[in-house]
>>> print(open('protein-v3.cif').read())   # mmCIF, C-alpha atoms
data_input
loop_
_atom_site.label_atom_id
_atom_site.label_comp_id
_atom_site.auth_asym_id
_atom_site.auth_seq_id
_atom_site.Cartn_x
_atom_site.Cartn_y
_atom_site.Cartn_z
CA MET V 1 -130.87 -46.85 21.03
CA THR V 2 -127.50 -46.37 22.67
CA THR V 3 -126.98 -46.46 26.41
CA ASP V 4 -124.43 -44.58 28.48
CA ASN V 5 -122.00 -47.43 28.51
CA GLY V 6 -122.03 -47.71 24.72
CA LYS V 7 -124.35 -50.71 24.46
CA THR V 8 -127.22 -50.75 21.92
CA ARG V 9 -130.71 -51.93 22.68
CA ASN V 10 -134.11 -51.86 20.93
CA GLU V 11 -136.71 -49.20 21.71
CA GLY V 12 -139.31 -51.79 22.50
CA ASP V 13 -137.24 -53.43 25.17
CA SER V 14 -139.24 -53.48 28.43
CA ARG V 15 -136.17 -53.52 30.66
CA SER V 16 -135.02 -50.46 32.46
CA ASP V 17 -132.97 -47.84 30.72
CA LEU V 18 -130.18 -48.32 33.26
CA PRO V 19 -126.82 -49.21 31.74
CA TYR V 20 -125.56 -52.75 31.82
CA PRO V 21 -123.57 -53.59 34.93
CA VAL V 22 -119.76 -53.66 34.53
CA ALA V 23 -117.73 -56.32 36.33
CA PRO V 24 -115.43 -54.87 38.96
CA PRO V 25 -111.66 -55.14 38.37
CA PRO V 26 -110.10 -58.21 39.86
CA THR V 27 -108.42 -57.77 43.17
CA THR V 28 -104.92 -59.01 43.70
CA THR V 29 -103.26 -59.85 46.93
CA THR V 30 -99.49 -59.55 47.20
CA ALA V 31 -99.24 -60.32 50.87
CA GLY V 32 -96.93 -63.17 51.63
CA LEU V 33 -95.33 -63.26 48.13
CA PRO V 34 -91.57 -63.11 47.64
CA PRO V 35 -90.18 -59.58 47.07
CA ASN V 36 -89.13 -60.30 43.47
CA SER V 37 -92.41 -61.96 42.47
CA VAL V 38 -94.54 -60.67 39.60
CA THR V 39 -98.36 -60.47 39.79
CA VAL V 40 -100.07 -61.78 36.65
CA MET V 41 -103.42 -60.29 35.72
CA PRO V 42 -106.17 -62.49 34.26
CA GLY V 43 -105.82 -62.81 30.50
CA GLN V 44 -102.22 -61.57 30.48
CA ASN V 45 -99.67 -63.57 28.46
CA VAL V 46 -96.47 -64.29 30.34
CA THR V 47 -93.25 -65.80 29.03
CA VAL V 48 -91.30 -67.60 31.68
CA VAL V 49 -87.54 -67.99 31.12
CA ILE V 50 -85.76 -70.44 33.35
CA ALA V 51 -82.05 -69.65 33.69
CA HIS V 52 -79.78 -72.64 34.05
CA PRO V 53 -76.29 -72.36 35.50
CA PRO V 54 -73.53 -72.50 32.85
CA ALA V 55 -72.42 -76.02 32.06
CA LEU V 56 -68.72 -76.38 32.85
CA LYS V 57 -66.40 -78.52 30.81
CA SER V 58 -65.24 -81.87 32.06
CA LEU V 59 -61.64 -83.02 31.97
CA ALA V 60 -62.70 -86.63 31.37
CA GLU V 61 -64.84 -85.66 28.37
CA ALA V 62 -62.04 -83.55 26.95
CA TYR V 63 -59.66 -86.52 27.12
CA LEU V 64 -62.30 -88.78 25.58
CA LEU V 65 -62.46 -86.47 22.57
CA CYS V 66 -58.73 -85.83 22.41
CA VAL V 67 -57.46 -89.42 22.38
CA PRO V 68 -59.31 -90.77 19.31
CA LEU V 69 -60.34 -87.52 17.56
CA GLY V 70 -57.79 -85.01 18.77
CA LEU V 71 -55.97 -84.98 15.43
CA LEU V 72 -59.12 -83.39 14.00
CA GLY V 73 -59.38 -80.88 16.85
CA PHE V 74 -62.59 -82.20 18.42
CA HIS V 75 -61.39 -81.40 21.94
CA HIS V 76 -60.76 -77.79 20.91
CA PHE V 77 -64.28 -77.50 19.53
CA TYR V 78 -65.55 -78.94 22.82
CA LEU V 79 -63.58 -76.33 24.80
CA ARG V 80 -64.84 -73.53 22.50
CA ARG V 81 -61.40 -72.92 21.02
CA TYR V 82 -62.75 -72.82 17.49
CA GLY V 83 -59.68 -71.30 15.89
CA PHE V 84 -57.44 -74.11 17.03
CA GLY V 85 -60.20 -76.59 16.22
CA PHE V 86 -60.17 -75.61 12.54
CA LEU V 87 -56.37 -75.46 12.58
CA TYR V 88 -56.12 -79.03 13.88
CA PHE V 89 -58.83 -80.21 11.50
CA PHE V 90 -56.95 -79.04 8.38
CA THR V 91 -53.42 -79.82 9.61
CA LEU V 92 -54.05 -83.08 11.51
CA GLY V 93 -53.32 -81.68 14.92
CA ALA V 94 -50.56 -79.30 13.73
CA CYS V 95 -48.83 -82.29 12.11
CA GLY V 96 -49.37 -84.30 15.29
CA VAL V 97 -47.15 -82.06 17.43
CA GLY V 98 -49.98 -80.00 18.88
CA TRP V 99 -52.03 -83.10 19.58
CA LEU V 100 -49.22 -84.64 21.65
CA VAL V 101 -48.72 -81.41 23.59
CA ASP V 102 -52.46 -81.18 24.30
CA LEU V 103 -52.41 -84.58 25.99
CA ILE V 104 -50.07 -83.10 28.58
CA ARG V 105 -51.65 -79.67 29.01
CA MET V 106 -55.31 -80.73 28.89
CA PRO V 107 -56.05 -79.80 32.56
CA ALA V 108 -54.86 -76.25 31.90
CA LEU V 109 -57.02 -76.02 28.76
CA VAL V 110 -60.12 -77.20 30.62
CA LYS V 111 -59.47 -74.78 33.48
CA GLU V 112 -59.10 -71.86 31.05
CA ALA V 113 -62.29 -72.84 29.21
CA ASN V 114 -64.28 -72.98 32.48
CA ARG V 115 -62.92 -69.57 33.47
CA ARG V 116 -64.20 -68.08 30.21
CA ILE V 117 -67.60 -69.72 30.74
CA GLN V 118 -67.95 -68.41 34.29
CA HIS V 119 -66.73 -64.90 33.38
CA PRO V 120 -67.86 -64.22 29.81
CA GLU V 121 -67.45 -60.47 30.32
CA ASN V 122 -63.66 -61.00 30.46
CA ASP V 123 -63.50 -63.15 27.36
CA ASP V 124 -61.87 -60.37 25.31
CA VAL V 125 -59.05 -59.79 27.80
CA THR V 126 -57.61 -63.31 27.65
CA ASP V 127 -53.84 -63.19 27.20
CA LEU V 128 -52.13 -65.14 24.47
CA SER V 129 -50.29 -68.27 25.55
CA VAL V 130 -46.62 -69.06 24.99
CA CYS V 131 -47.52 -72.73 24.61
CA ASP V 132 -50.05 -71.95 21.89
CA ALA V 133 -47.47 -69.76 20.18
CA TYR V 134 -44.91 -72.59 20.10
CA ILE V 135 -47.53 -75.02 18.75
CA THR V 136 -48.20 -72.63 15.87
CA TRP V 137 -44.45 -72.06 15.42
CA PHE V 138 -43.45 -75.72 14.98
CA PRO V 139 -43.58 -76.81 12.28
CA LEU V 140 -46.05 -74.49 10.56
CA GLY V 141 -44.23 -71.34 11.64
CA ILE V 142 -42.21 -71.64 8.45
CA ILE V 143 -45.26 -70.11 6.73
CA GLY V 144 -45.80 -67.55 9.49
CA LEU V 145 -48.59 -69.26 11.43
CA HIS V 146 -47.27 -68.03 14.80
CA HIS V 147 -47.28 -64.45 13.52
CA TYR V 148 -50.91 -64.79 12.52
CA TYR V 149 -51.63 -66.07 16.05
CA LEU V 150 -49.79 -63.06 17.52
CA ARG V 151 -51.83 -60.64 15.32
CA ASN V 152 -48.72 -59.67 13.35
CA TYR V 153 -50.46 -60.15 10.04
CA HIS V 154 -47.92 -58.30 7.89
CA TRP V 155 -45.19 -60.55 9.28
CA GLY V 156 -47.34 -63.58 8.64
CA VAL V 157 -47.76 -62.64 4.99
CA ALA V 158 -44.01 -62.02 4.68
CA TYR V 159 -43.21 -65.44 6.18
CA THR V 160 -45.78 -67.11 3.94
CA PHE V 161 -44.19 -65.83 0.73
CA THR V 162 -40.55 -66.18 1.84
CA ALA V 163 -40.75 -69.48 3.79
CA GLY V 164 -39.95 -67.81 7.09
CA PHE V 165 -37.40 -65.49 5.46
CA PHE V 166 -35.66 -68.51 3.99
CA GLY V 167 -35.79 -70.31 7.33
CA ILE V 168 -33.56 -67.85 9.17
CA GLY V 169 -36.37 -65.77 10.65
CA TRP V 170 -38.21 -68.94 11.65
CA ILE V 171 -35.20 -70.21 13.61
CA VAL V 172 -34.62 -66.85 15.29
CA ASP V 173 -38.25 -66.74 16.38
CA ALA V 174 -37.72 -69.94 18.37
CA PHE V 175 -35.57 -68.00 20.85
CA ARG V 176 -37.53 -64.76 20.97
CA LEU V 177 -41.06 -66.21 20.96
CA PRO V 178 -41.69 -65.64 24.72
CA PHE V 179 -40.72 -61.98 24.31
CA MET V 180 -43.00 -61.69 21.28
CA VAL V 181 -45.94 -63.09 23.27
CA ARG V 182 -45.36 -60.65 26.15
CA ALA V 183 -45.05 -57.76 23.70
CA THR V 184 -48.29 -58.75 21.97
CA ASN V 185 -50.17 -59.05 25.27
CA ARG V 186 -48.89 -55.66 26.32
CA ARG V 187 -49.92 -54.17 22.96
CA LEU V 188 -53.40 -55.66 23.20
CA GLU V 189 -53.79 -54.29 26.72
CA LEU V 190 -52.78 -50.82 25.55
CA GLU V 191 -55.19 -51.09 22.62
CA ARG V 192 -58.05 -51.88 25.01
CA THR V 193 -57.19 -48.80 27.09
CA ASN V 194 -56.52 -46.60 24.00
CA THR V 195 -52.99 -45.76 25.22
CA LEU V 196 -50.95 -47.57 22.58
CA PRO V 197 -47.75 -45.72 21.62
CA HIS V 198 -46.35 -46.58 18.22
CA SER V 199 -42.87 -48.10 18.42
CA TYR V 200 -40.61 -50.31 16.32
CA SER V 201 -39.00 -53.47 17.62
CA LEU V 202 -35.24 -54.01 17.43
CA GLY V 203 -35.72 -57.77 17.15
CA GLU V 204 -38.12 -57.48 14.22
CA ALA V 205 -35.81 -55.01 12.51
CA TYR V 206 -32.92 -57.49 12.86
CA VAL V 207 -35.04 -60.33 11.47
CA LEU V 208 -35.81 -58.23 8.41
CA GLY V 209 -32.32 -56.76 8.06
CA VAL V 210 -30.08 -59.79 8.63
CA THR V 211 -32.06 -62.14 6.41
CA PRO V 212 -31.79 -61.89 2.61
CA ALA V 213 -34.91 -59.73 2.72
CA GLY V 214 -32.63 -56.94 3.97
CA LEU V 215 -30.99 -56.85 0.54
CA PHE V 216 -34.31 -55.56 -0.74
CA GLY V 217 -34.66 -52.96 2.03
CA ALA V 218 -37.31 -54.77 4.07
CA HIS V 219 -36.00 -53.34 7.36
CA HIS V 220 -36.00 -49.81 5.96
CA PHE V 221 -39.60 -50.14 4.80
CA TYR V 222 -40.48 -51.48 8.25
CA LEU V 223 -38.84 -48.48 9.95
CA GLY V 224 -40.64 -46.00 7.70
CA ARG V 225 -37.48 -45.10 5.74
CA THR V 226 -39.14 -45.48 2.36
CA GLY V 227 -36.41 -43.65 0.44
CA PHE V 228 -33.69 -46.00 1.64
CA GLY V 229 -36.01 -48.96 1.11
CA VAL V 230 -36.40 -48.09 -2.56
CA PHE V 231 -32.65 -47.49 -2.83
CA TYR V 232 -31.88 -50.94 -1.41
CA LEU V 233 -34.55 -52.53 -3.60
CA VAL V 234 -33.00 -51.10 -6.78
CA THR V 235 -29.33 -51.59 -5.83
CA LEU V 236 -29.61 -54.84 -3.78
CA GLY V 237 -28.73 -53.21 -0.51
CA GLY V 238 -26.27 -50.75 -2.00
CA CYS V 239 -24.38 -53.64 -3.66
CA GLY V 240 -24.40 -55.38 -0.28
CA VAL V 241 -22.33 -52.67 1.44
CA GLY V 242 -25.27 -50.90 3.07
CA TRP V 243 -26.93 -54.22 3.94
CA ILE V 244 -23.87 -55.40 5.90
CA ALA V 245 -23.36 -51.99 7.52
CA ASP V 246 -26.97 -52.04 8.75
CA TRP V 247 -26.20 -55.14 10.83
CA PHE V 248 -24.00 -53.01 13.07
CA ARG V 249 -26.05 -49.81 13.12
CA MET V 250 -29.52 -51.34 13.42
CA LYS V 251 -29.85 -50.21 17.05
CA TRP V 252 -29.45 -46.54 16.09
CA LEU V 253 -31.80 -46.89 13.12
CA VAL V 254 -34.55 -48.19 15.42
CA GLN V 255 -33.91 -45.43 17.97
CA ARG V 256 -34.19 -42.76 15.28
CA ALA V 257 -37.43 -44.28 13.97
CA ASN V 258 -38.96 -44.44 17.46
CA ASN V 259 -37.93 -40.91 18.45
CA PRO V 260 -38.08 -38.68 15.35
CA ASP V 261 -39.02 -35.67 17.49
CA ARG V 262 -35.78 -35.89 19.45
CA GLN V 263 -33.85 -34.84 16.36
CA VAL V 264 -33.44 -31.12 16.03
CA LEU V 265 -34.87 -31.12 12.51
CA GLY V 266 -37.27 -34.03 12.90
CA LYS V 267 -37.40 -36.36 9.90
CA ARG V 268 -35.35 -33.94 7.80
CA HIS V 269 -32.31 -34.37 10.04
CA LYS V 270 -29.30 -35.66 8.11
CA PHE V 271 -26.88 -38.26 9.44
CA VAL V 272 -23.26 -38.91 8.52
CA ASP V 273 -23.65 -42.68 8.32
CA ASP V 274 -26.56 -42.39 5.89
CA ALA V 275 -24.59 -39.98 3.74
CA TYR V 276 -21.58 -42.32 3.59
CA LEU V 277 -23.77 -45.27 2.59
CA LEU V 278 -25.11 -43.25 -0.32
CA ALA V 279 -21.68 -41.89 -1.24
CA PHE V 280 -20.04 -45.32 -1.51
CA PRO V 281 -20.15 -46.60 -4.16
CA PHE V 282 -22.95 -44.56 -5.80
CA GLY V 283 -21.60 -41.15 -4.83
CA ILE V 284 -20.18 -40.72 -8.31
CA PHE V 285 -23.80 -40.17 -9.37
CA GLY V 286 -24.39 -37.57 -6.63
CA LEU V 287 -26.74 -39.59 -4.45
CA HIS V 288 -25.27 -38.14 -1.24
CA HIS V 289 -25.84 -34.63 -2.58
CA PHE V 290 -29.48 -35.41 -3.32
CA TYR V 291 -29.80 -36.80 0.23
CA LEU V 292 -28.31 -33.57 1.64
CA GLU V 293 -30.80 -31.55 -0.48
CA ARG V 294 -28.02 -30.11 -2.65
CA MET V 295 -29.91 -30.71 -5.88
CA VAL V 296 -27.66 -28.66 -8.17
CA TRP V 297 -24.58 -30.53 -7.01
CA GLY V 298 -26.41 -33.82 -7.38
CA VAL V 299 -27.30 -33.12 -11.01
CA LEU V 300 -23.73 -31.93 -11.65
CA TYR V 301 -22.24 -35.14 -10.24
CA ALA V 302 -24.75 -37.24 -12.20
CA CYS V 303 -23.73 -35.55 -15.46
CA THR V 304 -19.97 -35.55 -14.82
CA VAL V 305 -19.60 -38.85 -12.90
CA GLY V 306 -18.69 -37.14 -9.66
CA LEU V 307 -16.66 -34.38 -11.34
CA PHE V 308 -14.66 -37.14 -13.05
CA GLY V 309 -14.17 -38.88 -9.72
CA ILE V 310 -12.22 -36.04 -8.13
CA GLY V 311 -15.17 -34.40 -6.40
CA TRP V 312 -16.37 -37.79 -5.19
CA LEU V 313 -13.03 -38.55 -3.53
CA VAL V 314 -12.94 -35.12 -1.91
CA ASP V 315 -16.49 -35.59 -0.61
CA LEU V 316 -15.49 -38.80 1.15
CA CYS V 317 -13.03 -36.75 3.21
CA ARG V 318 -15.30 -33.79 3.91
CA MET V 319 -18.58 -35.64 4.41
CA PRO V 320 -19.04 -34.65 8.10
CA CYS V 321 -18.72 -30.98 7.13
CA LEU V 322 -21.25 -31.41 4.32
CA VAL V 323 -23.75 -33.00 6.68
CA SER V 324 -23.25 -30.31 9.32
CA ASP V 325 -23.73 -27.52 6.75
CA ALA V 326 -26.87 -29.23 5.41
CA ASN V 327 -28.39 -29.44 8.91
CA LYS V 328 -27.59 -25.78 9.59
CA ARG V 329 -29.15 -24.75 6.30
CA ILE V 330 -32.30 -26.76 6.97
CA GLU V 331 -32.51 -25.40 10.51
CA GLU V 332 -32.28 -21.80 9.25
CA GLU V 333 -34.92 -22.54 6.62
CA LEU V 334 -37.29 -23.97 9.24
CA ARG V 335 -36.67 -20.98 11.51
CA ILE V 336 -37.61 -18.54 8.75
CA MET V 337 -40.68 -20.59 7.93
CA ALA V 338 -41.73 -20.52 11.58
CA GLU V 339 -41.36 -16.74 11.72
CA ILE V 340 -43.40 -16.29 8.54
CA ARG V 341 -46.03 -18.64 9.90
CA GLN V 342 -46.23 -16.63 13.09
CA GLN V 343 -46.43 -13.37 11.16
CA ILE V 344 -49.33 -14.36 8.95
CA GLY V 345 -51.07 -16.53 11.54
CA ILE V 346 -50.97 -19.82 9.65
CA GLN V 347 -51.01 -22.98 11.71
CA PRO V 348 -48.41 -25.69 11.02
CA SER V 349 -51.05 -27.88 9.37
CA ALA V 350 -51.49 -25.24 6.67
CA ILE V 351 -47.92 -25.72 5.41
CA ILE V 352 -47.85 -28.28 2.63
CA ARG V 353 -44.57 -29.47 1.10
CA ARG V 354 -42.73 -26.46 2.47
CA GLU V 355 -45.03 -24.16 0.48
CA ILE V 356 -46.83 -21.38 2.33
CA PHE V 357 -50.15 -20.03 1.08
CA TYR V 358 -51.24 -16.63 2.32
CA PRO V 359 -53.27 -13.72 0.91
CA PRO V 360 -51.45 -10.91 -0.90
CA LEU V 361 -50.47 -7.97 1.27
CA PRO V 362 -51.97 -4.52 0.77
CA ALA V 363 -50.08 -2.04 -1.31
CA GLY V 364 -47.49 -0.09 0.62
CA THR V 365 -47.15 -2.71 3.37
CA VAL V 366 -43.62 -3.26 4.64
CA TYR V 367 -42.77 -6.82 5.68
CA GLN V 368 -41.34 -7.03 9.19
CA MET V 369 -39.68 -10.11 10.69
CA ASN V 370 -40.71 -9.17 14.22
CA PRO V 371 -43.72 -11.19 15.42
CA VAL V 372 -47.05 -9.42 15.44
CA PRO V 373 -49.13 -10.41 18.48
CA SER V 374 -52.40 -10.08 16.65
CA GLY V 375 -51.35 -12.68 14.10
CA SER V 376 -51.97 -10.48 11.04
CA TYR V 377 -50.23 -7.71 9.14
CA ALA V 378 -51.00 -4.06 9.81
CA PRO V 379 -49.83 -1.29 7.45
CA PRO V 380 -47.24 0.97 9.09
CA THR V 381 -48.77 4.15 10.47
CA GLN V 382 -47.95 7.37 8.67
CA PRO V 383 -46.40 10.23 10.69
CA PRO V 384 -48.70 13.18 11.44
CA SER V 385 -48.63 16.20 9.15
CA TYR V 386 -47.12 19.58 9.99
CA GLU V 387 -50.55 21.16 10.57
CA ASP V 388 -51.66 18.29 12.89
CA THR V 389 -48.52 18.57 14.94
CA MET V 390 -48.97 22.34 15.47
CA ALA V 391 -52.69 21.93 16.17
CA THR V 392 -52.06 19.39 18.93
CA GLY V 393 -49.59 21.67 20.67
CA GLY V 394 -46.39 20.05 19.45
CA SER V 395 -43.12 21.92 19.54
CA LEU V 396 -41.70 23.82 16.63
CA ALA V 397 -38.79 21.38 16.35
CA GLU V 398 -41.15 18.41 16.03
CA ALA V 399 -43.18 20.20 13.36
CA ALA V 400 -40.04 21.12 11.49
CA SER V 401 -38.77 17.53 11.56
CA VAL V 402 -42.12 16.24 10.28
CA GLY V 403 -42.21 18.81 7.54
CA GLY V 404 -38.61 18.06 6.57
CA ALA V 405 -39.32 14.37 6.33
CA LYS V 406 -42.39 15.06 4.24
CA ASN V 407 -40.48 17.33 1.87
CA GLU V 408 -37.73 14.76 1.55
CA GLU V 409 -40.33 12.12 0.65
CA ASN V 410 -41.84 14.42 -1.99
CA ASP V 411 -38.40 15.04 -3.46
CA HIS V 412 -37.84 11.31 -3.79
CA GLU V 413 -41.18 10.89 -5.50
CA LYS V 414 -40.33 13.69 -7.98
CA PHE V 415 -36.96 12.18 -8.65
#
>>> encode(input="protein-v3.cif", output="structure tokens")
Amino acid sequence: MTTDNGKTRNEGDSRSDLPYPVAPPPTTTTAGLPPNSVTVMPGQNVTVVIAHPPALKSLAEAYLLCVPLGLLGFHHFYLRRYGFGFLYFFTLGACGVGWLVDLIRMPALVKEANRRIQHPENDDVTDLSVCDAYITWFPLGIIGLHHYYLRNYHWGVAYTFTAGFFGIGWIVDAFRLPFMVRATNRRLELERTNTLPHSYSLGEAYVLGVTPAGLFGAHHFYLGRTGFGVFYLVTLGGCGVGWIADWFRMKWLVQRANNPDRQVLGKRHKFVDDAYLLAFPFGIFGLHHFYLERMVWGVLYACTVGLFGIGWLVDLCRMPCLVSDANKRIEEELRIMAEIRQQIGIQPSAIIRREIFYPPLPAGTVYQMNPVPSGSYAPPTQPPSYEDTMATGGSLAEAASVGGAKNEENDHEKF
């Protein structure tokens, strides 16, 4: 037998058929408890977490680790500078130089570590240190360690395989290292705010261009001038002439790379200095003509050795005129392309390698260079017939002109 409260009992049980009594819910009293207290019900499992204040680092303990074990980076591990800890461990305190410097700057290191502990939310906005940069620069900067610290990984790889650009780039970095640290901190700040503009550095371009790496076009590859980079790589900096000339024009090369939109023709803009570098001494093969997009003349010079040297000599005198004509031709070509794009309603992203893809026009459509507001072609409207003109109340002269035009059109078709 089942009772109302779900309990089972035998039929022969002499007790009353009333349901079993249910214990009342426990009463809780919150009077007099702190406002943030939590009431625990009977039988409820509670996990209590006791929060301890963050343990700050001690200057005395840091010195105790630095004096006997600092060459292995134990004090950096203690201060939670794990990157420098591993660096010191494998390089014996940056060849002992970093260890000696740390003995002097230990209070600053401890203060910085305690700041990170107390404000962990700002751990990712810590600026790079000039002192740390110099520790990584000497003596291990010869393999690019300071560039790795400054997040310039491509420069680090370049220094690793060229021994600091044969030592010249490493020495130059000793004077410009504070500027490099400020530039890196500024770049990291812009990256955190997603407002980083892409720009090339004049100092980095000089390091790549003045060192022997410039003979192989390293500065041109850095500035995004891939064509000239390949040219320098094949010809050893234009037989050294272009490499030396770049020492004096590096400032303008960097300005052009940073502001390509300021040129009238963008990246297709031609420059006189670039044309002269290609014309001497390789102009006898028409390289300057290929640069100016005069392909026929380039092939002709390549086959005739610069028109037997005569055309090459003449081009050295008229080079500014050739460059000016090339820019005018490219500008006119871009203007026509823009008009066609506006006519057929193709966005700039739809133009690929100066080729324009658009659907074929209907039969009988006349191409017009005037822009069409609607963005698409419309077949020209035919003039009304003679009967329509008279039916709409037009004058006899208008009807006669329409009929004459129609007869003239029929005569042309018969002819």
>>> atom_distance(input="protein-v3.cif", atom1="atom CA of Glu339 of chain V", atom2="atom CA of Leu265 of chain V")
15.8 Å
>>> resolve_selection(input="protein-v3.cif", expression="the PyMOL selection byres ((chain V and resi 110) around 9)", output="PDB file with C-alpha atoms, in the coordinates of the input")
ATOM      1  CA  LEU V  56     -68.720 -76.380  32.850  1.00  0.00           C
ATOM      2  CA  LYS V  57     -66.400 -78.520  30.810  1.00  0.00           C
ATOM      3  CA  SER V  58     -65.240 -81.870  32.060  1.00  0.00           C
ATOM      4  CA  LEU V  59     -61.640 -83.020  31.970  1.00  0.00           C
ATOM      5  CA  ALA V  62     -62.040 -83.550  26.950  1.00  0.00           C
ATOM      6  CA  LEU V  79     -63.580 -76.330  24.800  1.00  0.00           C
ATOM      7  CA  ARG V 105     -51.650 -79.670  29.010  1.00  0.00           C
ATOM      8  CA  MET V 106     -55.310 -80.730  28.890  1.00  0.00           C
ATOM      9  CA  PRO V 107     -56.050 -79.800  32.560  1.00  0.00           C
ATOM     10  CA  ALA V 108     -54.860 -76.250  31.900  1.00  0.00           C
ATOM     11  CA  LEU V 109     -57.020 -76.020  28.760  1.00  0.00           C
ATOM     12  CA  LYS V 111     -59.470 -74.780  33.480  1.00  0.00           C
ATOM     13  CA  GLU V 112     -59.100 -71.860  31.050  1.00  0.00           C
ATOM     14  CA  ALA V 113     -62.290 -72.840  29.210  1.00  0.00           C
ATOM     15  CA  ASN V 114     -64.280 -72.980  32.480  1.00  0.00           C
ATOM     16  CA  ARG V 115     -62.920 -69.570  33.470  1.00  0.00           C
TER      17      ARG V 115
END
>>> resolve_selection(input="protein-v3.cif", expression="the PyMOL selection byres ((chain V and resi 310-316) around 9)", output="ChimeraX atom specification")
/V:276,279-280,283-286,301,305-309,317-320,322
>>> atom_distance(input="protein-v3.cif", atom1="atom CA of Ala158 of chain V", atom2="atom CA of Leu208 of chain V")
9.8 Å
>>> resolve_selection(input="protein-v3.cif", expression="the PyMOL selection byres ((chain V and resi 102) around 12)", output="PyMOL selection string")
chain V and resi 62-63+65-67+70-71+73-76+84+88+93-94+96-101+103-110+131-132+135
>>> write_last_selection(input="protein-v3.cif", atoms="C-alpha atoms", output="short mmCIF file (atom, residue, chain, number, x, y, z; two decimals), in the coordinates of the input")
data_model
loop_
_atom_site.label_atom_id
_atom_site.label_comp_id
_atom_site.auth_asym_id
_atom_site.auth_seq_id
_atom_site.Cartn_x
_atom_site.Cartn_y
_atom_site.Cartn_z
CA ALA V 62 -62.04 -83.55 26.95
CA TYR V 63 -59.66 -86.52 27.12
CA LEU V 65 -62.46 -86.47 22.57
CA CYS V 66 -58.73 -85.83 22.41
CA VAL V 67 -57.46 -89.42 22.38
CA GLY V 70 -57.79 -85.01 18.77
CA LEU V 71 -55.97 -84.98 15.43
CA GLY V 73 -59.38 -80.88 16.85
CA PHE V 74 -62.59 -82.20 18.42
CA HIS V 75 -61.39 -81.40 21.94
CA HIS V 76 -60.76 -77.79 20.91
CA PHE V 84 -57.44 -74.11 17.03
CA TYR V 88 -56.12 -79.03 13.88
CA GLY V 93 -53.32 -81.68 14.92
CA ALA V 94 -50.56 -79.30 13.73
CA GLY V 96 -49.37 -84.30 15.29
CA VAL V 97 -47.15 -82.06 17.43
CA GLY V 98 -49.98 -80.00 18.88
CA TRP V 99 -52.03 -83.10 19.58
CA LEU V 100 -49.22 -84.64 21.65
CA VAL V 101 -48.72 -81.41 23.59
CA LEU V 103 -52.41 -84.58 25.99
CA ILE V 104 -50.07 -83.10 28.58
CA ARG V 105 -51.65 -79.67 29.01
CA MET V 106 -55.31 -80.73 28.89
CA PRO V 107 -56.05 -79.80 32.56
CA ALA V 108 -54.86 -76.25 31.90
CA LEU V 109 -57.02 -76.02 28.76
CA VAL V 110 -60.12 -77.20 30.62
CA CYS V 131 -47.52 -72.73 24.61
CA ASP V 132 -50.05 -71.95 21.89
CA ILE V 135 -47.53 -75.02 18.75
#
>>> residues_near_point(input="protein-v3.cif", point="(-38.4, -44.3, 18.7)", cutoff="12 Å", atoms="all atoms listed in the file", output="list in words")
Pro197, His198, Ser199, Tyr200, Ser201, Leu202, Leu223, Gly224, Lys251, Trp252, Leu253, Val254, Gln255, Arg256, Ala257, Asn258, Asn259, Pro260, Asp261, Arg262, Gln263, Gly266 and Lys267 of chain V
>>> closest_residue(input="protein-v3.cif", among="V:Leu334, V:Leu292, V:Ile168, V:Val181", to="Asn152 of chain V", atoms="all atoms listed in the file")
V:Val181
>>> atom_distance(input="protein-v3.cif", atom1="atom CA of His220 of chain V", atom2="atom CA of Phe175 of chain V")
23.5 Å
>>> residues_near_point(input="protein-v3.cif", point="(-51.3, -65.6, 10.1)", cutoff="10 Å", atoms="all atoms listed in the file", output="list in words")
Thr136, Gly141, Ile143, Gly144, Leu145, His146, His147, Tyr148, Tyr149, Leu150, Arg151, Asn152, Tyr153, His154, Trp155, Gly156, Val157, Ala158, Tyr159 and Thr160 of chain V
>>> residues_around(input="protein-v3.cif", residues="segment 203-206 of chain V", least_positions_apart="3", cutoff="6 Å", atoms="all atoms listed in the file", output="ChimeraX atom specification")
/V:209-210,219
>>> closest_residue(input="protein-v3.cif", among="V:Pro54, V:Gly238, V:Pro68, V:Gly298", to="His119 of chain V", atoms="all atoms listed in the file")
V:Pro54
